[in-house]
Structure formats: C-alpha cells, structure tokens
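Source file upload_7.cif; content: mmCIF, C-alpha atoms.
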data_entry
#
loop_
_atom_site.label_atom_id
_atom_site.label_comp_id
_atom_site.auth_asym_id
_atom_site.auth_seq_id
_atom_site.Cartn_x
_atom_site.Cartn_y
_atom_site.Cartn_z
CA MET M 1 -4.97 -33.15 245.10
CA ARG M 2 -8.43 -33.20 246.66
CA GLY M 3 -11.58 -31.27 245.76
CA LEU M 4 -10.04 -29.55 242.74
CA ASP M 5 -12.61 -27.93 240.45
CA PHE M 6 -11.23 -26.44 237.25
CA GLU M 7 -12.95 -25.32 234.06
CA VAL M 8 -11.57 -23.45 231.04
CA GLN M 9 -13.56 -21.80 228.26
CA PRO M 10 -12.47 -22.17 224.61
CA SER M 11 -9.78 -19.60 223.60
CA GLU M 12 -9.02 -18.77 227.24
CA PHE M 13 -5.36 -18.51 228.33
CA VAL M 14 -5.20 -19.62 231.95
CA ALA M 15 -2.05 -19.23 234.03
CA LEU M 16 -2.02 -21.76 236.84
CA LEU M 17 0.20 -20.19 239.47
CA GLY M 18 1.50 -21.77 242.62
CA PRO M 19 4.56 -22.55 244.70
CA ASN M 20 6.71 -25.67 244.25
CA GLY M 21 4.89 -28.80 245.36
CA ALA M 22 1.42 -27.26 244.92
CA GLY M 23 0.46 -30.02 242.43
CA LYS M 24 0.68 -28.01 239.19
CA THR M 25 2.66 -30.59 237.23
CA THR M 26 0.59 -33.49 238.60
CA PHE M 27 -2.58 -31.68 237.55
CA LEU M 28 -1.25 -31.02 234.06
CA ARG M 29 -0.13 -34.65 233.70
CA ILE M 30 -3.67 -35.75 234.56
CA LEU M 31 -5.09 -33.38 231.92
CA ALA M 32 -2.56 -34.75 229.41
CA SER M 33 -3.64 -38.36 230.18
CA LEU M 34 -0.12 -39.19 231.36
CA SER M 35 -1.30 -39.86 234.92
CA ARG M 36 -4.55 -41.40 236.05
CA PRO M 37 -6.44 -39.74 238.92
CA SER M 38 -7.59 -42.10 241.68
CA LEU M 39 -10.93 -40.25 241.92
CA GLY M 40 -12.88 -37.62 240.03
CA GLU M 41 -13.89 -36.75 236.47
CA VAL M 42 -11.76 -35.14 233.78
CA SER M 43 -12.84 -34.12 230.30
CA VAL M 44 -10.82 -32.20 227.73
CA ALA M 45 -12.26 -30.66 224.53
CA GLY M 46 -15.51 -32.54 225.21
CA TYR M 47 -13.87 -35.98 225.56
CA ARG M 48 -13.76 -37.94 228.81
CA LEU M 49 -10.58 -39.33 230.36
CA PRO M 50 -9.46 -42.09 230.48
CA ASP M 51 -12.13 -43.70 228.22
CA GLN M 52 -11.55 -41.37 225.26
CA ALA M 53 -7.85 -40.74 225.90
CA ALA M 54 -6.81 -41.12 222.24
CA ALA M 55 -9.37 -38.47 221.14
CA VAL M 56 -8.12 -36.14 223.90
CA ARG M 57 -4.48 -36.64 222.95
CA ALA M 58 -5.23 -35.87 219.28
CA ARG M 59 -6.53 -32.42 220.34
CA LEU M 60 -3.80 -31.71 222.86
CA GLY M 61 -0.38 -30.08 222.52
CA VAL M 62 1.94 -30.37 225.51
CA VAL M 63 5.12 -28.44 226.31
CA SER M 64 6.98 -29.23 229.52
CA HIS M 65 10.29 -28.06 230.98
CA LEU M 66 11.83 -31.08 229.22
CA PRO M 67 11.95 -30.72 225.42
CA LEU M 68 10.47 -34.19 224.55
CA LEU M 69 12.79 -34.20 221.52
CA TYR M 70 15.48 -36.61 220.31
CA GLY M 71 18.99 -35.17 220.45
CA ASP M 72 20.35 -37.44 217.72
CA LEU M 73 17.69 -36.39 215.21
CA THR M 74 17.66 -33.08 213.35
CA ALA M 75 14.93 -30.49 213.93
CA GLU M 76 13.05 -31.57 210.81
CA GLU M 77 13.46 -35.29 211.57
CA ASN M 78 11.97 -34.74 215.03
CA LEU M 79 8.97 -32.94 213.53
CA ARG M 80 8.60 -35.56 210.80
CA PHE M 81 8.58 -38.30 213.43
CA PHE M 82 5.90 -36.62 215.55
CA GLY M 83 3.94 -35.80 212.39
CA ARG M 84 3.81 -39.52 211.57
CA MET M 85 2.80 -40.39 215.13
CA TYR M 86 -0.08 -37.90 214.94
CA GLY M 87 -1.06 -38.87 211.38
CA VAL M 88 -0.50 -35.32 210.07
CA SER M 89 -1.09 -34.96 206.33
CA ASN M 90 1.26 -32.98 204.09
CA ILE M 91 4.08 -33.30 206.62
CA GLU M 92 6.87 -31.64 204.61
CA ALA M 93 4.95 -28.38 204.06
CA ARG M 94 3.91 -28.35 207.72
CA ILE M 95 7.56 -28.81 208.83
CA THR M 96 8.58 -25.69 206.90
CA GLU M 97 5.62 -23.71 208.23
CA VAL M 98 6.24 -24.68 211.88
CA LEU M 99 10.02 -24.15 211.72
CA GLU M 100 9.44 -20.67 210.31
CA MET M 101 6.93 -19.95 213.08
CA VAL M 102 9.44 -20.83 215.81
CA GLY M 103 12.34 -19.15 214.00
CA LEU M 104 14.40 -22.28 213.36
CA ALA M 105 14.05 -22.64 209.57
CA SER M 106 17.79 -22.02 209.06
CA ARG M 107 18.68 -24.78 211.57
CA ARG M 108 16.30 -27.42 210.22
CA ARG M 109 19.07 -29.89 209.35
CA ASP M 110 21.02 -29.45 212.60
CA LEU M 111 20.95 -32.08 215.34
CA VAL M 112 18.80 -31.06 218.29
CA ARG M 113 21.61 -31.87 220.75
CA THR M 114 23.58 -28.95 219.27
CA PHE M 115 20.72 -26.52 220.05
CA SER M 116 20.76 -24.13 223.00
CA ARG M 117 18.12 -24.57 225.71
CA GLY M 118 16.07 -21.71 224.24
CA MET M 119 16.16 -23.19 220.73
CA GLN M 120 15.15 -26.60 222.07
CA GLN M 121 12.22 -25.04 223.88
CA ARG M 122 11.09 -23.25 220.72
CA LEU M 123 11.31 -26.49 218.77
CA ALA M 124 9.39 -28.20 221.59
CA ILE M 125 6.59 -25.68 221.02
CA GLY M 126 6.79 -26.38 217.28
CA ARG M 127 6.42 -30.09 218.05
CA ALA M 128 3.43 -29.41 220.31
CA VAL M 129 1.56 -27.31 217.70
CA PHE M 130 2.56 -29.50 214.74
CA HIS M 131 -0.79 -31.35 214.60
CA ASP M 132 -2.68 -28.07 215.15
CA PRO M 133 -4.23 -28.91 218.54
CA ASP M 134 -7.21 -27.08 220.06
CA VAL M 135 -5.85 -27.19 223.60
CA MET M 136 -2.29 -26.42 224.69
CA LEU M 137 -0.75 -27.34 228.05
CA PHE M 138 2.47 -25.61 229.08
CA ASP M 139 4.29 -26.87 232.16
CA GLU M 140 6.85 -24.30 233.38
CA PRO M 141 8.00 -23.46 229.82
CA TYR M 142 10.42 -20.76 231.04
CA THR M 143 12.54 -23.09 233.20
CA GLY M 144 16.24 -22.68 232.41
CA LEU M 145 15.78 -19.92 229.81
CA ASP M 146 17.82 -16.71 229.83
CA GLN M 147 16.28 -13.26 229.32
CA ASP M 148 16.54 -13.21 225.50
CA ALA M 149 15.23 -16.74 225.13
CA SER M 150 12.31 -15.91 227.47
CA VAL M 151 11.35 -12.87 225.37
CA MET M 152 11.50 -14.99 222.22
CA LEU M 153 9.37 -17.65 223.90
CA ASP M 154 6.83 -14.95 224.84
CA ASP M 155 6.42 -14.12 221.14
CA VAL M 156 6.01 -17.78 220.18
CA LEU M 157 3.46 -18.37 222.97
CA ARG M 158 1.54 -15.25 221.90
CA SER M 159 1.36 -16.48 218.31
CA VAL M 160 0.24 -19.93 219.53
CA ALA M 161 -2.55 -18.38 221.64
CA ALA M 162 -3.52 -15.92 218.89
CA LYS M 163 -4.84 -18.82 216.79
CA GLY M 164 -7.79 -19.13 219.20
CA ARG M 165 -6.37 -22.10 221.08
CA THR M 166 -7.25 -22.81 224.68
CA VAL M 167 -4.10 -22.61 226.78
CA VAL M 168 -3.35 -23.74 230.33
CA MET M 169 0.12 -22.79 231.54
CA THR M 170 1.61 -23.65 234.93
CA SER M 171 4.24 -21.25 236.13
CA HIS M 172 5.70 -19.51 239.11
CA ASP M 173 7.04 -16.80 236.82
CA LEU M 174 4.55 -13.97 237.46
CA ILE M 175 6.12 -11.52 235.00
CA HIS M 176 5.67 -13.67 231.91
CA SER M 177 2.34 -15.14 233.04
CA GLY M 178 1.04 -11.63 233.73
CA ASP M 179 1.84 -10.56 230.16
CA LEU M 180 0.26 -13.54 228.43
CA ALA M 181 -2.69 -14.97 230.37
CA THR M 182 -6.32 -13.86 230.32
CA ARG M 183 -7.12 -15.63 233.61
CA PHE M 184 -5.05 -16.37 236.70
CA ASP M 185 -5.74 -19.31 239.01
CA VAL M 186 -3.68 -19.96 242.12
CA LEU M 187 -3.11 -23.58 243.07
CA SER M 188 -1.97 -24.21 246.60
CA ARG M 189 -1.73 -27.54 248.48
CA GLY M 190 -3.72 -29.30 245.74
CA VAL M 191 -6.72 -26.92 245.53
CA ILE M 192 -7.45 -23.71 243.66
CA THR M 193 -7.53 -20.97 246.27
CA ALA M 194 -8.22 -17.97 244.00
CA SER M 195 -9.20 -17.21 240.42
CA ALA M 196 -9.47 -13.91 238.57
CA THR M 197 -9.65 -12.81 234.96
CA ARG M 198 -7.39 -10.03 233.70
CA LYS M 199 -10.45 -7.75 233.72
CA GLN M 200 -11.36 -8.63 237.32
CA LEU M 201 -7.80 -8.09 238.38
CA GLY M 202 -8.00 -4.52 237.02
CA LYS M 203 -5.25 -2.42 238.49
CA THR M 204 -4.45 -4.93 241.22
CA ASN M 205 -0.89 -6.08 241.01
CA LEU M 206 -0.61 -9.81 240.09
CA LEU M 207 2.01 -10.31 242.79
CA SER M 208 -0.29 -8.96 245.53
CA PHE M 209 -3.18 -11.11 244.19
CA TYR M 210 -0.90 -14.15 244.27
CA LYS M 211 0.44 -13.42 247.76
CA LYS M 212 -3.07 -12.84 249.11
CA ALA M 213 -4.30 -16.11 247.57
CA LEU M 214 -1.47 -18.05 249.21
CA ALA M 215 -2.02 -16.32 252.56
CA ASP M 216 -5.75 -17.18 252.51
CA MET V 217 -16.99 -50.27 211.16
CA ALA V 218 -14.64 -52.21 208.84
CA ALA V 219 -13.29 -48.90 207.50
CA ASP V 220 -12.66 -47.69 211.08
CA GLN V 221 -10.77 -50.87 211.89
CA GLN V 222 -8.71 -50.50 208.71
CA THR V 223 -7.86 -46.86 209.59
CA SER V 224 -6.86 -47.74 213.13
CA ARG V 225 -4.74 -50.66 211.85
CA ALA V 226 -3.05 -48.30 209.38
CA SER V 227 -2.32 -45.70 212.07
CA PHE V 228 -1.04 -48.48 214.37
CA LEU V 229 1.42 -49.70 211.73
CA LYS V 230 2.37 -46.14 210.76
CA ALA V 231 3.17 -45.26 214.39
CA MET V 232 5.04 -48.53 214.92
CA PHE V 233 7.26 -48.03 211.87
CA ALA V 234 7.75 -44.33 212.72
CA ILE V 235 9.26 -45.41 216.07
CA THR V 236 11.46 -48.02 214.41
CA TRP V 237 12.59 -45.47 211.79
CA LYS V 238 13.35 -42.94 214.51
CA ASP V 239 15.38 -45.44 216.57
CA LEU V 240 17.36 -46.71 213.59
CA THR V 241 18.08 -43.20 212.25
CA ALA V 242 19.25 -41.95 215.66
CA GLU V 243 21.31 -45.08 216.33
CA PHE V 244 23.04 -45.24 212.94
CA ARG V 245 24.04 -41.62 213.58
CA SER V 246 25.31 -41.95 217.16
CA ARG V 247 26.17 -45.70 217.21
CA GLU V 248 26.18 -45.52 221.03
CA LEU V 249 23.97 -48.52 221.70
CA PHE V 250 25.32 -50.62 218.85
CA SER V 251 29.00 -50.12 219.68
CA ALA V 252 28.40 -50.82 223.39
CA MET V 253 26.60 -54.08 222.58
CA LEU V 254 29.17 -55.16 220.01
CA VAL V 255 32.30 -54.40 222.04
CA PHE V 256 30.77 -56.08 225.07
CA SER V 257 29.86 -59.21 223.07
CA LEU V 258 33.31 -59.51 221.53
CA LEU V 259 34.94 -59.11 224.95
CA VAL V 260 32.74 -61.80 226.45
CA ILE V 261 33.56 -64.39 223.78
CA LEU V 262 37.23 -63.44 224.01
CA ILE V 263 37.23 -63.94 227.80
CA PHE V 264 35.44 -67.29 227.46
CA ASN V 265 38.03 -68.25 224.85
CA PHE V 266 40.80 -67.86 227.43
CA ALA V 267 38.81 -69.04 230.44
CA LEU V 268 37.56 -72.35 229.07
CA GLU V 269 39.52 -75.47 228.33
CA LEU V 270 39.00 -75.67 224.60
CA ASP V 271 39.67 -79.11 223.24
CA ILE V 272 37.60 -80.23 220.27
CA THR V 273 34.80 -81.92 222.28
CA THR V 274 34.48 -79.09 224.84
CA ARG V 275 34.17 -76.55 222.05
CA GLN V 276 31.18 -78.39 220.61
CA THR V 277 29.44 -78.58 223.98
CA VAL V 278 30.05 -75.02 225.22
CA THR V 279 29.23 -73.18 222.00
CA ALA V 280 25.47 -72.83 222.54
CA GLY V 281 25.91 -71.76 226.17
CA VAL V 282 28.64 -69.20 225.47
CA LEU V 283 26.68 -67.73 222.57
CA TRP V 284 23.45 -67.31 224.53
CA VAL V 285 25.19 -65.90 227.62
CA THR V 286 26.85 -63.35 225.31
CA PHE V 287 23.59 -62.47 223.54
CA ALA V 288 21.68 -62.18 226.83
CA PHE V 289 24.22 -59.83 228.44
CA ALA V 290 24.63 -57.71 225.32
CA GLY V 291 20.84 -57.61 224.88
CA THR V 292 20.40 -56.23 228.40
CA LEU V 293 22.88 -53.45 227.63
CA GLY V 294 21.01 -52.58 224.45
CA LEU V 295 17.57 -52.67 226.10
CA ASN V 296 18.69 -50.39 228.91
CA ARG V 297 20.22 -47.88 226.51
CA SER V 298 17.25 -47.98 224.15
CA MET V 299 14.83 -47.00 226.94
CA ALA V 300 17.26 -44.54 228.56
CA VAL V 301 17.17 -42.52 225.30
CA GLU V 302 13.40 -42.24 225.72
CA LYS V 303 13.70 -41.07 229.33
CA ASP V 304 16.57 -38.59 228.88
CA ARG V 305 14.67 -35.60 227.49
CA GLY V 306 11.19 -36.71 228.50
CA CYS V 307 10.74 -38.37 225.09
CA LEU V 308 8.71 -41.24 226.56
CA ASP V 309 6.05 -38.68 227.52
CA GLY V 310 6.21 -37.39 223.94
CA LEU V 311 5.46 -40.92 222.69
CA LEU V 312 2.70 -41.51 225.24
CA LEU V 313 1.01 -38.25 224.22
CA ALA V 314 0.55 -39.46 220.64
CA PRO V 315 -3.05 -40.43 219.80
CA VAL V 316 -2.19 -44.03 218.93
CA ASP V 317 -2.73 -47.37 220.61
CA ARG V 318 0.15 -47.48 223.11
CA SER V 319 1.04 -51.04 222.13
CA ALA V 320 2.24 -49.52 218.81
CA ILE V 321 5.00 -47.87 220.87
CA TYR V 322 5.89 -51.24 222.39
CA PHE V 323 6.02 -53.03 219.03
CA GLY V 324 8.00 -50.19 217.45
CA LYS V 325 10.61 -50.47 220.21
CA VAL V 326 10.61 -54.29 219.92
CA VAL V 327 11.35 -54.14 216.18
CA SER V 328 14.22 -51.67 216.59
CA ASN V 329 15.72 -53.53 219.59
CA LEU V 330 15.46 -56.77 217.62
CA VAL V 331 17.25 -55.23 214.62
CA PHE V 332 20.13 -54.06 216.87
CA MET V 333 20.38 -57.48 218.51
CA LEU V 334 20.34 -59.36 215.18
CA ILE V 335 23.05 -57.11 213.73
CA VAL V 336 25.27 -57.74 216.77
CA GLU V 337 24.60 -61.49 216.52
CA ALA V 338 25.43 -61.47 212.81
CA ILE V 339 28.85 -60.00 213.64
CA VAL V 340 29.50 -62.13 216.73
CA LEU V 341 28.83 -65.48 214.99
CA PRO V 342 31.69 -65.33 212.44
CA VAL V 343 34.09 -63.94 215.07
CA TYR V 344 33.15 -66.80 217.40
CA SER V 345 33.53 -69.25 214.55
CA PHE V 346 37.04 -67.95 213.87
CA LEU V 347 38.19 -67.82 217.51
CA TYR V 348 36.79 -71.22 218.54
CA ASP V 349 37.28 -72.92 215.18
CA VAL V 350 33.66 -74.12 215.10
CA ASN V 351 31.47 -74.10 212.00
CA LEU V 352 28.33 -72.09 212.90
CA PHE V 353 26.84 -71.88 209.42
CA ASN V 354 23.70 -73.82 210.24
CA LEU V 355 20.21 -72.72 209.13
CA GLY V 356 18.64 -74.41 212.14
CA LEU V 357 20.90 -72.42 214.48
CA PHE V 358 19.94 -69.20 212.67
CA LEU V 359 16.26 -70.01 213.19
CA VAL V 360 16.83 -70.63 216.92
CA ILE V 361 18.78 -67.37 217.24
CA LEU V 362 15.92 -65.49 215.58
CA LEU V 363 13.24 -67.10 217.78
CA GLY V 364 15.30 -66.75 220.96
CA SER V 365 16.06 -63.10 220.21
CA ILE V 366 12.38 -62.37 219.56
CA GLY V 367 11.39 -63.87 222.94
CA TYR V 368 14.22 -62.17 224.82
CA ILE V 369 13.56 -58.76 223.27
CA ALA V 370 9.77 -59.08 223.64
CA VAL V 371 9.96 -59.59 227.39
CA GLY V 372 13.03 -57.36 227.75
CA THR V 373 11.38 -54.35 226.11
CA LEU V 374 8.37 -54.66 228.43
CA LEU V 375 10.53 -54.96 231.55
CA ALA V 376 12.85 -52.15 230.39
CA SER V 377 9.77 -49.89 230.12
CA MET V 378 9.00 -50.75 233.75
CA ALA V 379 12.58 -50.45 234.99
CA ILE V 380 13.06 -47.07 233.30
CA GLN V 381 10.65 -45.46 235.77
CA ALA V 382 12.93 -46.45 238.67
CA ARG V 383 15.98 -44.58 239.90
CA THR V 384 18.07 -47.78 239.90
CA ARG V 385 17.07 -48.71 236.35
CA ASP V 386 20.52 -49.98 235.25
CA VAL V 387 20.61 -52.56 238.03
CA LEU V 388 16.90 -53.30 238.02
CA LEU V 389 16.56 -54.53 234.43
CA PRO V 390 18.86 -57.60 234.66
CA ILE V 391 17.36 -58.49 238.06
CA LEU V 392 13.86 -58.44 236.57
CA LEU V 393 14.74 -59.82 233.16
CA PHE V 394 16.99 -62.83 233.76
CA PRO V 395 14.56 -64.85 235.94
CA VAL V 396 11.69 -64.22 233.50
CA ALA V 397 13.80 -64.94 230.42
CA VAL V 398 15.25 -68.20 231.80
CA PRO V 399 12.73 -70.43 229.91
CA VAL V 400 13.62 -68.70 226.62
CA LEU V 401 17.35 -69.02 227.26
CA ILE V 402 17.18 -72.68 228.31
CA ALA V 403 15.03 -73.58 225.30
CA ALA V 404 17.32 -71.60 223.00
CA VAL V 405 20.48 -73.26 224.38
CA LYS V 406 18.95 -76.77 224.08
CA ALA V 407 17.70 -76.16 220.53
CA SER V 408 21.03 -74.58 219.46
CA GLU V 409 22.97 -77.54 220.92
CA GLY V 410 20.72 -79.94 219.03
CA PHE V 411 21.26 -78.22 215.68
CA LEU V 412 25.03 -77.83 216.21
CA ALA V 413 25.43 -81.50 217.18
CA GLY V 414 23.43 -82.51 214.09
CA ASN V 415 20.76 -84.31 216.17
CA ASP V 416 17.61 -85.46 214.41
CA PHE V 417 14.66 -83.07 214.42
CA GLY V 418 12.66 -85.23 216.84
CA THR V 419 14.98 -84.34 219.73
CA ILE V 420 15.07 -80.63 218.82
CA TYR V 421 11.31 -80.37 218.36
CA ALA V 422 10.55 -80.02 222.10
CA PRO V 423 12.84 -77.02 222.90
CA LEU V 424 11.97 -75.43 219.55
CA SER V 425 8.22 -75.57 220.18
CA LEU V 426 8.81 -74.34 223.75
CA LEU V 427 10.66 -71.38 222.26
CA ILE V 428 7.83 -70.59 219.84
CA GLY V 429 5.31 -70.97 222.68
CA TYR V 430 7.21 -68.56 224.93
CA ASP V 431 7.54 -66.04 222.09
CA VAL V 432 3.78 -66.05 221.53
CA ILE V 433 3.00 -65.84 225.28
CA PHE V 434 5.48 -63.03 225.95
CA ILE V 435 4.27 -60.96 223.00
CA ALA V 436 0.60 -61.46 223.94
CA VAL V 437 1.18 -60.57 227.61
CA ALA V 438 3.24 -57.49 226.69
CA TYR V 439 0.52 -56.37 224.24
CA MET V 440 -2.08 -56.58 227.01
CA VAL V 441 -0.15 -54.95 229.86
CA PHE V 442 2.09 -52.34 228.19
CA ASP V 443 -0.49 -49.56 228.58
CA TYR V 444 -0.68 -50.16 232.36
CA VAL V 445 3.09 -50.45 232.70
CA VAL V 446 3.80 -47.03 231.21
CA GLU V 447 0.91 -45.11 232.77
CA GLU V 448 1.52 -43.49 236.16
#
Encoded form (structure tokens):
Amino acid sequence: MRGLDFEVQPSEFVALLGPNGAGKTTFLRILASLSRPSLGEVSVAGYRLPDQAAAVRARLGVVSHLPLLYGDLTAEENLRFFGRMYGVSNIEARITEVLEMVGLASRRRDLVRTFSRGMQQRLAIGRAVFHDPDVMLFDEPYTGLDQDASVMLDDVLRSVAAKGRTVVMTSHDLIHSGDLATRFDVLSRGVITASATRKQLGKTNLLSFYKKALAD
Amino acid sequence: MAADQQTSRASFLKAMFAITWKDLTAEFRSRELFSAMLVFSLLVILIFNFALELDITTRQTVTAGVLWVTFAFAGTLGLNRSMAVEKDRGCLDGLLLAPVDRSAIYFGKVVSNLVFMLIVEAIVLPVYSFLYDVNLFNLGLFLVILLGSIGYIAVGTLLASMAIQARTRDVLLPILLFPVAVPVLIAAVKASEGFLAGNDFGTIYAPLSLLIGYDVIFIAVAYMVFDYVVEE
C-alpha cells in the first residue's frame, strides 16, 4: 500500500470494497495493530499506533473470516477467557447478555468445534463486542456462510452498528455491504480510488459505482 | 504512578493465568497434546531399553542421557502442538488483539507448556525406573528436571511462536530449538548424572549454576523479544 488516506467519523459504517489482493486485509491488520506499517501514521479512536497500541486494542473489536475461537472450549468458556484478557467486569452477566444477542444462549455449554460455520461466526462477533468496543473491524465476515447464516449475520451486524459504534468492514460481497454500510470506499492496488456515502450514491447502483471505481 | 503500576501488574497476571487456564481446560478435555507427548516418551524409553546393552554399570551411566533425550523430543512435540492450536482458527490473532502486555501471552504459554511437560516427566520417571531397574527417587534429580524443563520450555515457547508463522513449522521448530537448547541439555545431563551417581555437591555445582544461568538468560531474552517475534 502506498499513499493511502483513510478517515472514518464516529458512528460511521464504512464498507471497504475491493477485489482480491487489493490490500483490504493488510490494511485492516494495520488498523488492528497486528501488522506494523513501514511508513505513515495511523491513529484509532484518538490513539496513535504503535505507541499507544494497548489503548487502541482496548477500544477495538475485530472479526475476521477465521473465528479466533478455541474449538475445545465451550461458547461460554471462550467468552469468559476473552473477558479475562480484556479485564471485563461482571463477566458472567455479560456472557449471558452477549450469547442472547448472537442467538446462542441455548448452546452456551456446547464445544465450539461442534458449531456450524455460521454459529462460529456469530460467536466470533459476540467475542469481538464482549468488551463493548467503540470501533469494530470486520474482515470478510461473510466468507463461507450460506444464505440463512448470512441473513442472520446481517441482523447481528445491524444490532452491533445500532449501538453507535464505528464500523469498518472489508468485503467483496456488494449485496450485504450495500444493505449495511453508510459509506462505500473502493480499495484497488493499495489505494482508495473512490468514496461515496449512501446519500451521495443516491439511486446509483452500488455495482456500477464499484465497477467504475475499478475501471478508473 | 504506583497505583498504575499495580493495575498493570494485576492485568498482566490476570491475562497470564487466563491463558494457562484456557490451555489446561482445553487440553484436559481433548488430551491431544498430552497423549502424544506421553506415548512418544514411553516409546522412546522402551526402544532405548532394547537398543542399549543394559548391564548394571551401563544403566547408571546412560540414565541421564536417555531421560533428557526423551524429555527433549517429547517437549518439541508438545510445543509444536501447543502453538498449532493457537494458529488453527486464528486464535493467536485473538490473543494479540487483547490490550495486555504481549509478554503475558508468552508467560501464560510457558506455564501451561511447563505443566504438560512436568506431568509427562512425572509419569515417565517411574516407568523408566521399573524398566531399567534404577532408583530415580532423588530430590536433586527432581530439582534438575524442574530447572532443565523451565529452560527448555522458555526458549522452546519463544521459538515455537516464531516457527508457527512458517509453512514448514513442524520441521522448523526442532531445527531452531535443538542447537539453542544444547547448553541447557548438556548442563541438565551433567547435573542429573552427578545426583544419580551420588557425587558431592561441589562437582554438581558448576552444571547446576549453568542451568540456573541459562534459565534466567532465556526468560529475560524471551521477555524482551516476544513482542517483535509475534508482530508482522
């Protein structure tokens, strides 16, 4: 990536669209403090990276196409573990609240390895919101989900965004991104080639906007 | 300032023990890592039992070597598996995203890997004692096993975190680990031999202090570099 300039306002839901290899995941990993950029400045929620990485990570919830969960722990054990890592207070009440939010309260004592891909992804979202972060990063959250699981994930993502959180989601799934995001940025060959809010997009079809941005 | 330091120390310890709790809970449920280490160790001492000429004097001299070769090989298996679990579903990223000092992750993994290794050693010792007809109930030997295991696991956990990023991680770990762990293994073998032969403490002091020195150095180096090792 070179010359990438990206800014998100609080409570905005930005869909970062782009083809494979555009640098979406790399960019998100830099925002999440998992990768270090060789040049440039990054700040998240008012904290600079990498100097204030711990403060950034405390305000960040990350969901990737991998669940980041332990298969040999139950749903509630996974959440309890991450709750301890994030220093969440009143963990047991929060576990119940989060499992109800993602619709897995009845499976709380089941091992995660027995969950379907859709259930694992919902629990992954529960893990990411467990410490009530201000900023959420979603990296291709729909990968490997069937139609029903995708619809269910839409609802969970909507409820996550409805709490006033700032969300950045990378995706090449225009249908789901089009339903959820308030702003659409197109990333191609490491730079943002186009950006438009839902309002600016008006009646323009997202697919034509995306195709035009890639062609330019 | 003092209150801040106390809070960060508390969150460090909390994160460290959370990782150890998570590893032990998952392992006592699946027993994948533990059974692989244990079966492998028992097979190694069984093979040595048939391969070596075991008259009374040979038994005394080979015991320390056979034990430490067994522990080193079994330890590598355990270390590989312990980090593979973190890589499988992207869990290492989940750990690295937590707002804690990343060395807490390292120390949490060290404690759980050490517990697995000590459990395997506690089972292997009486089996070895029975098969080779050698009395291994020796407090000095137990101390050496503890110190040697700490050093081996300290450096092994750091190198396993490096090797896990590579495609050839299963092969890479022993290649990286054995040359670095040689001082620990040599000191551990020498000190174990000394205690088993009933030598006076003066002759055991040198390898024992070497072992303690290596433990301290390995832990300090790992504490300083772990953050850089795991960051891309």
* Applied to this file, what does the PyMOL selection byres ((chain M) within 8 of (chain V)) return in terms of residues, put as a list in words? -> Ala32, Ser33, Leu34, Ser35, Arg36, Ala53, Ala54, Ala55, Val56, Arg57, Ala58, Leu66, Pro67, Leu68, Leu69, Tyr70, Asp72, Leu73, Phe81, Phe82, Arg84, Met85, Tyr86 and Gly87 of chain M
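Here CA of Arg183 (chain M) and CA of His65 (chain M) stand 21.6 Å from one another.
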* Structure fact -> Min atom-atom distance to Ile402 (chain V) from the set V:Val445, V:Ala280, V:Ala338, V:Ala252, counting only C-alpha atoms, belongs to V:Ala280
* To do: Would you kindly translate the PyMOL selection byres ((chain V and resi 411-426) around 10) into the concrete residues it picks from this file, as a ChimeraX atom specification?
  => /V:276-277,279-280,350-360,363-364,399-400,402-410,427-432
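For the atom pair formed by CA of Leu17 (chain M) and CA of Gly103 (chain M), the distance is 28.2 Å, given to one decimal.
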Need to verify the contact set: Leu293 (chain V), 8 Å, all atoms listed in the file, exclusion of same-chain residues closer than 3 positions in sequence. Can you return it as a JSON list (two decimals) with C-alpha atoms, keeping the file's coordinate frame?
[["chain", "number", "residue", "atom", "x", "y", "z"],
["V", 249, "LEU", "CA", 23.97, -48.52, 221.70],
["V", 252, "ALA", "CA", 28.40, -50.82, 223.39],
["V", 253, "MET", "CA", 26.60, -54.08, 222.58],
["V", 289, "PHE", "CA", 24.22, -59.83, 228.44],
["V", 290, "ALA", "CA", 24.63, -57.71, 225.32],
["V", 296, "ASN", "CA", 18.69, -50.39, 228.91],
["V", 297, "ARG", "CA", 20.22, -47.88, 226.51]]
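Within 10 Å of Ser150 (chain M), once all atoms listed in the file are used and residues closer than 4 positions along the same chain are dropped, the contacting residues are M:Gly118, M:Gln121, M:Pro141, M:Tyr142, M:Thr143, M:Gly144, M:Leu145, M:Asp146, M:Asp154, M:Asp155, M:Val156, M:His176.
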* Give the answer as one residue: which of M:Leu187, M:Val168, M:Val63, M:Leu111 has the shortest atom-to-atom distance to Gly126 (chain M), using only C-alpha atoms? => M:Val63
With N, CA and C atoms as the target, complete region 416-427 of chain V and hand it back as a short mmCIF file (atom, residue, chain, number, x, y, z; two decimals), in the frame of the given file.
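Result went into rebuild-v4.cif, see below:
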data_model
loop_
_atom_site.label_atom_id
_atom_site.label_comp_id
_atom_site.auth_asym_id
_atom_site.auth_seq_id
_atom_site.Cartn_x
_atom_site.Cartn_y
_atom_site.Cartn_z
N ASP V 416 18.79 -85.42 215.28
CA ASP V 416 17.61 -85.46 214.41
C ASP V 416 16.52 -84.54 214.97
N PHE V 417 15.63 -84.12 214.08
CA PHE V 417 14.66 -83.07 214.42
C PHE V 417 13.75 -83.47 215.59
N GLY V 418 13.52 -84.76 215.75
CA GLY V 418 12.66 -85.23 216.84
C GLY V 418 13.13 -84.76 218.19
N THR V 419 14.45 -84.74 218.42
CA THR V 419 14.98 -84.34 219.73
C THR V 419 14.99 -82.81 219.88
N ILE V 420 15.03 -82.11 218.75
CA ILE V 420 15.07 -80.63 218.82
C ILE V 420 13.66 -80.05 218.88
N TYR V 421 12.69 -80.87 218.47
CA TYR V 421 11.31 -80.37 218.36
C TYR V 421 10.79 -79.78 219.68
N ALA V 422 11.09 -80.47 220.80
CA ALA V 422 10.55 -80.02 222.10
C ALA V 422 11.05 -78.62 222.48
N PRO V 423 12.40 -78.39 222.54
CA PRO V 423 12.84 -77.02 222.90
C PRO V 423 12.41 -75.97 221.88
N LEU V 424 12.34 -76.39 220.60
CA LEU V 424 11.97 -75.43 219.55
C LEU V 424 10.50 -74.98 219.72
N SER V 425 9.63 -75.96 220.01
CA SER V 425 8.22 -75.57 220.18
C SER V 425 8.03 -74.79 221.47
N LEU V 426 8.84 -75.12 222.50
CA LEU V 426 8.81 -74.34 223.75
C LEU V 426 9.17 -72.89 223.47
N LEU V 427 10.19 -72.72 222.63
CA LEU V 427 10.66 -71.38 222.26
C LEU V 427 9.56 -70.60 221.53
#
